[in-house]
Protein chains: 2
Amino acid sequence: MIETLLKKHSLRITKVRMSILDCFAQSDTALSHSDIELQFSNEFDRVTIYRTLNSFLEKGLLHKVPDDSGIARFALCQHDCNEHQHYDNHVHFKCDKCSKVQCFHDIAIPTIPGLNEYIIHSSQLLVQGVCIECQE
Amino acid sequence: MIETLLKKHSLRITKVRMSILDCFAQSDTALSHSDIELQFSNEFDRVTIYRTLNSFLEKGLLHKVPDDSGIARFALCQHDCNEHQHYDNHVHFKCDKCSKVQCFHDIAIPTIPGLNEYIIHSSQLLVQGVCIECQE
DNA sequence: ATTAAATTTGCAACACTGTTGCAAGTAAGA
DNA sequence: TCTTACTTGCAACAGTGTTGCAAATTTAAT
């Protein structure tokens, strides 16, 4: 439940946070600031939306999804992330036709040989192509 | 040679293009617009730099390096890319300390099982951590 | 070397994304 | 209920990237 989720991450329960978190819970794709703003522009200030996304990110409710376009997209964390640790090393798929970005939480990224001397914190794999819906 | 490279990709030989392409040839890390602008701000207009980067991208001289920060970085293509085809499915490493991004052209990205129904155009792996220089 | 056509450059202006400071408003615990 | 700490909205700003247009430059053809 959404309220519990906020409390668990030590965030106060407010209208903006409930609405935006609900948005992510409903969506099966990663959402950008502008996606959110489209829905709530006459309800909440854009700065508030930015700040909400940032606190969700910081507290481990959301993770950032990389993208060649430059705009930041976010998706719900599936594991127990918190402000100290993020576990979001999974595969992302971006459709070149509809531009939607999906997370594949179940597909682990294989270990890459050849980076032995580097200390590795995280790996993110972005696959681009055509999603199932856009093939039809 | 730089002039040959421009001609090969059907780009006219101009001062901006020579200078910027040379910059990339010298550098072992990916460069952003602002990296370039720092060097040439009193010589070339920022719009011209943006346009130069875009034509290099389009003609297959450079590829875009993904990054969670949102700013676009570019690096030289190693294979024979052109305006129709890009072969830049390799590993990128970003150092969390110095923020430099390196390409590992030699490390191929393993095939990911579980995306069978998707048409895949490209895969980019971004590994973050601490580079060798920053460990010392 | 001259010329003509096409491309490139610089400038001004603009749009979008994201951040900061501050005063007013709200949530949560005593 | 009251107090404290956090959150929100507003205004202003900074950075990144794009577009239109006139002037300059490259290129290829004479």
# chains A, B, ... in the order shown; residues from 1 in each chain; ligands from 1
>>> residues_around(residues="DG17 of chain D", least_positions_apart="5", cutoff="9 Å", atoms="only C-alpha atoms (C1' of nucleotides)", output="list in words")
Val47 and Tyr50 of chain B; DA15 and DC16 of chain C
>>> closest_atom_pairs(of="chain A", to="chain D", cutoff="12 Å", atoms="only C-alpha atoms (C1' of nucleotides)", output="Markdown table")
| residue | atom | partner | partner_atom | distance |
| --- | --- | --- | --- | --- |
| A:Ser10 | CA | D:DC6 | C1' | 11.6 |
| A:Leu11 | CA | D:DC6 | C1' | 9.6 |
| A:Arg12 | CA | D:DC6 | C1' | 8.1 |
| A:Ile13 | CA | D:DT7 | C1' | 10.1 |
| A:Thr14 | CA | D:DT7 | C1' | 8.4 |
| A:Lys15 | CA | D:DT8 | C1' | 10.6 |
| A:Val16 | CA | D:DT8 | C1' | 9.4 |
| A:Arg17 | CA | D:DT7 | C1' | 10.5 |
| A:Glu43 | CA | D:DG9 | C1' | 11.0 |
| A:Phe44 | CA | D:DG9 | C1' | 8.4 |
| A:Asp45 | CA | D:DG9 | C1' | 6.4 |
| A:Arg46 | CA | D:DG9 | C1' | 9.2 |
| A:Val47 | CA | D:DG9 | C1' | 8.2 |
| A:Thr48 | CA | D:DT8 | C1' | 6.7 |
| A:Ile49 | CA | D:DT8 | C1' | 10.1 |
| A:Tyr50 | CA | D:DT8 | C1' | 11.8 |
| A:Arg51 | CA | D:DT7 | C1' | 9.7 |
| A:Thr52 | CA | D:DT7 | C1' | 9.7 |
| A:Ser55 | CA | D:DT7 | C1' | 11.4 |
| A:Ser69 | CA | D:DG17 | C1' | 11.5 |
| A:Gly70 | CA | D:DT16 | C1' | 9.8 |
| A:Ile71 | CA | D:DT16 | C1' | 11.0 |
>>> interface_residues(of="chain C", to="chain B", cutoff="9 Å", atoms="only C-alpha atoms (C1' of nucleotides)", output="PyMOL selection string")
chain C and resi 7-11
>>> select_by_dssp(residues="segment 17-107 of chain B", states="helix (DSSP H, G or I)", output="ChimeraX atom specification")
/B:17-26,33-40,46-59
>>> write_last_selection(atoms="N, CA and C atoms", output="short mmCIF file (atom, residue, chain, number, x, y, z; two decimals), in the first residue's frame")
data_model
loop_
_atom_site.label_atom_id
_atom_site.label_comp_id
_atom_site.auth_asym_id
_atom_site.auth_seq_id
_atom_site.Cartn_x
_atom_site.Cartn_y
_atom_site.Cartn_z
N ARG B 17 35.36 21.87 -37.74
CA ARG B 17 35.32 20.41 -37.81
C ARG B 17 36.69 19.79 -37.59
N MET B 18 37.70 20.40 -38.18
CA MET B 18 39.07 19.91 -37.99
C MET B 18 39.43 19.96 -36.50
N SER B 19 39.18 21.11 -35.87
CA SER B 19 39.57 21.29 -34.47
C SER B 19 38.84 20.32 -33.56
N ILE B 20 37.52 20.21 -33.74
CA ILE B 20 36.74 19.36 -32.85
C ILE B 20 37.08 17.89 -33.06
N LEU B 21 37.23 17.50 -34.31
CA LEU B 21 37.57 16.11 -34.58
C LEU B 21 38.93 15.77 -33.99
N ASP B 22 39.84 16.72 -34.08
CA ASP B 22 41.17 16.53 -33.51
C ASP B 22 41.09 16.33 -32.00
N CYS B 23 40.26 17.12 -31.37
CA CYS B 23 39.98 17.00 -29.94
C CYS B 23 39.62 15.57 -29.56
N PHE B 24 38.70 14.99 -30.31
CA PHE B 24 38.26 13.63 -30.02
C PHE B 24 39.37 12.62 -30.28
N ALA B 25 40.15 12.88 -31.33
CA ALA B 25 41.24 11.96 -31.66
C ALA B 25 42.30 11.95 -30.55
N GLN B 26 42.51 13.10 -29.93
CA GLN B 26 43.50 13.20 -28.85
C GLN B 26 43.00 12.58 -27.55
N HIS B 33 29.51 18.45 -24.92
CA HIS B 33 29.52 19.76 -25.56
C HIS B 33 30.33 20.76 -24.72
N SER B 34 30.13 20.76 -23.42
CA SER B 34 30.78 21.78 -22.60
C SER B 34 32.29 21.56 -22.51
N ASP B 35 32.73 20.31 -22.59
CA ASP B 35 34.17 20.05 -22.65
C ASP B 35 34.78 20.75 -23.87
N ILE B 36 34.09 20.62 -24.98
CA ILE B 36 34.56 21.21 -26.22
C ILE B 36 34.48 22.73 -26.14
N GLU B 37 33.37 23.20 -25.61
CA GLU B 37 33.16 24.65 -25.55
C GLU B 37 34.23 25.32 -24.68
N LEU B 38 34.61 24.68 -23.63
CA LEU B 38 35.67 25.22 -22.76
C LEU B 38 36.93 25.54 -23.56
N GLN B 39 37.25 24.66 -24.50
CA GLN B 39 38.47 24.85 -25.27
C GLN B 39 38.35 25.88 -26.37
N PHE B 40 37.14 26.00 -26.94
CA PHE B 40 37.01 26.79 -28.16
C PHE B 40 36.04 27.95 -28.06
N ARG B 46 28.82 28.61 -29.76
CA ARG B 46 28.32 27.37 -29.17
C ARG B 46 27.33 26.64 -30.08
N VAL B 47 26.52 27.40 -30.80
CA VAL B 47 25.57 26.76 -31.71
C VAL B 47 26.32 25.95 -32.77
N THR B 48 27.40 26.52 -33.25
CA THR B 48 28.20 25.81 -34.26
C THR B 48 28.76 24.51 -33.69
N ILE B 49 29.17 24.56 -32.44
CA ILE B 49 29.69 23.34 -31.81
C ILE B 49 28.59 22.29 -31.71
N TYR B 50 27.40 22.71 -31.30
CA TYR B 50 26.29 21.76 -31.24
C TYR B 50 26.03 21.16 -32.61
N ARG B 51 26.02 22.03 -33.63
CA ARG B 51 25.71 21.53 -34.96
C ARG B 51 26.80 20.60 -35.48
N THR B 52 28.02 20.91 -35.14
CA THR B 52 29.13 20.05 -35.55
C THR B 52 29.01 18.68 -34.91
N LEU B 53 28.73 18.66 -33.61
CA LEU B 53 28.58 17.37 -32.92
C LEU B 53 27.44 16.57 -33.54
N ASN B 54 26.35 17.26 -33.86
CA ASN B 54 25.22 16.55 -34.46
C ASN B 54 25.53 16.00 -35.84
N SER B 55 26.26 16.75 -36.64
CA SER B 55 26.57 16.18 -37.96
C SER B 55 27.56 15.04 -37.85
N PHE B 56 28.49 15.13 -36.92
CA PHE B 56 29.41 14.01 -36.70
C PHE B 56 28.64 12.76 -36.27
N LEU B 57 27.66 12.97 -35.42
CA LEU B 57 26.84 11.86 -34.94
C LEU B 57 26.07 11.23 -36.09
N GLU B 58 25.48 12.11 -36.88
CA GLU B 58 24.63 11.67 -37.98
C GLU B 58 25.43 10.93 -39.05
N LYS B 59 26.65 11.41 -39.30
CA LYS B 59 27.46 10.82 -40.36
C LYS B 59 28.27 9.62 -39.88
#
>>> select_by_dssp(residues="segment 7-79 of chain A", states="strand (DSSP E)", output="MDAnalysis selection string")
chainID A and resid 31:32 62:65 73:76
>>> write_last_selection(atoms="N, CA and C atoms", output="short mmCIF file (atom, residue, chain, number, x, y, z; two decimals), in the first residue's frame")
data_model
loop_
_atom_site.label_atom_id
_atom_site.label_comp_id
_atom_site.auth_asym_id
_atom_site.auth_seq_id
_atom_site.Cartn_x
_atom_site.Cartn_y
_atom_site.Cartn_z
N LEU A 31 8.68 6.63 -16.16
CA LEU A 31 8.04 7.92 -16.39
C LEU A 31 9.04 9.05 -16.20
N SER A 32 8.91 10.07 -17.04
CA SER A 32 9.76 11.25 -16.92
C SER A 32 9.01 12.34 -16.16
N LEU A 62 12.41 5.10 -6.05
CA LEU A 62 12.55 5.08 -7.50
C LEU A 62 14.01 4.92 -7.89
N HIS A 63 14.23 4.43 -9.08
CA HIS A 63 15.58 4.47 -9.65
C HIS A 63 15.53 5.18 -10.99
N LYS A 64 16.67 5.73 -11.36
CA LYS A 64 16.77 6.47 -12.61
C LYS A 64 17.06 5.50 -13.73
N VAL A 65 16.38 5.71 -14.84
CA VAL A 65 16.58 4.84 -15.99
C VAL A 65 17.36 5.59 -17.05
N ARG A 73 14.25 9.54 -16.72
CA ARG A 73 13.06 8.74 -16.50
C ARG A 73 13.24 7.96 -15.21
N PHE A 74 12.13 7.63 -14.58
CA PHE A 74 12.20 6.94 -13.30
C PHE A 74 11.25 5.76 -13.29
N ALA A 75 11.60 4.76 -12.48
CA ALA A 75 10.71 3.62 -12.30
C ALA A 75 10.83 3.13 -10.87
N LEU A 76 9.80 2.46 -10.41
CA LEU A 76 9.79 1.95 -9.04
C LEU A 76 10.90 0.93 -8.82
#
>>> interface_residues(of="chain B", to="chain A", cutoff="7 Å", atoms="only C-alpha atoms", output="ChimeraX atom specification")
/B:66-68,70-72,117-132
>>> atom_distance(atom1="atom CA of Glu83 of chain A", atom2="atom CA of Gly60 of chain A")
5.4 Å
>>> atom_distance(atom1="atom CA of Ser27 of chain A", atom2="atom CA of Cys77 of chain A")
12.8 Å
>>> atom_distance(atom1="atom CA of Asp88 of chain A", atom2="atom CA of Asp28 of chain A")
16.0 Å
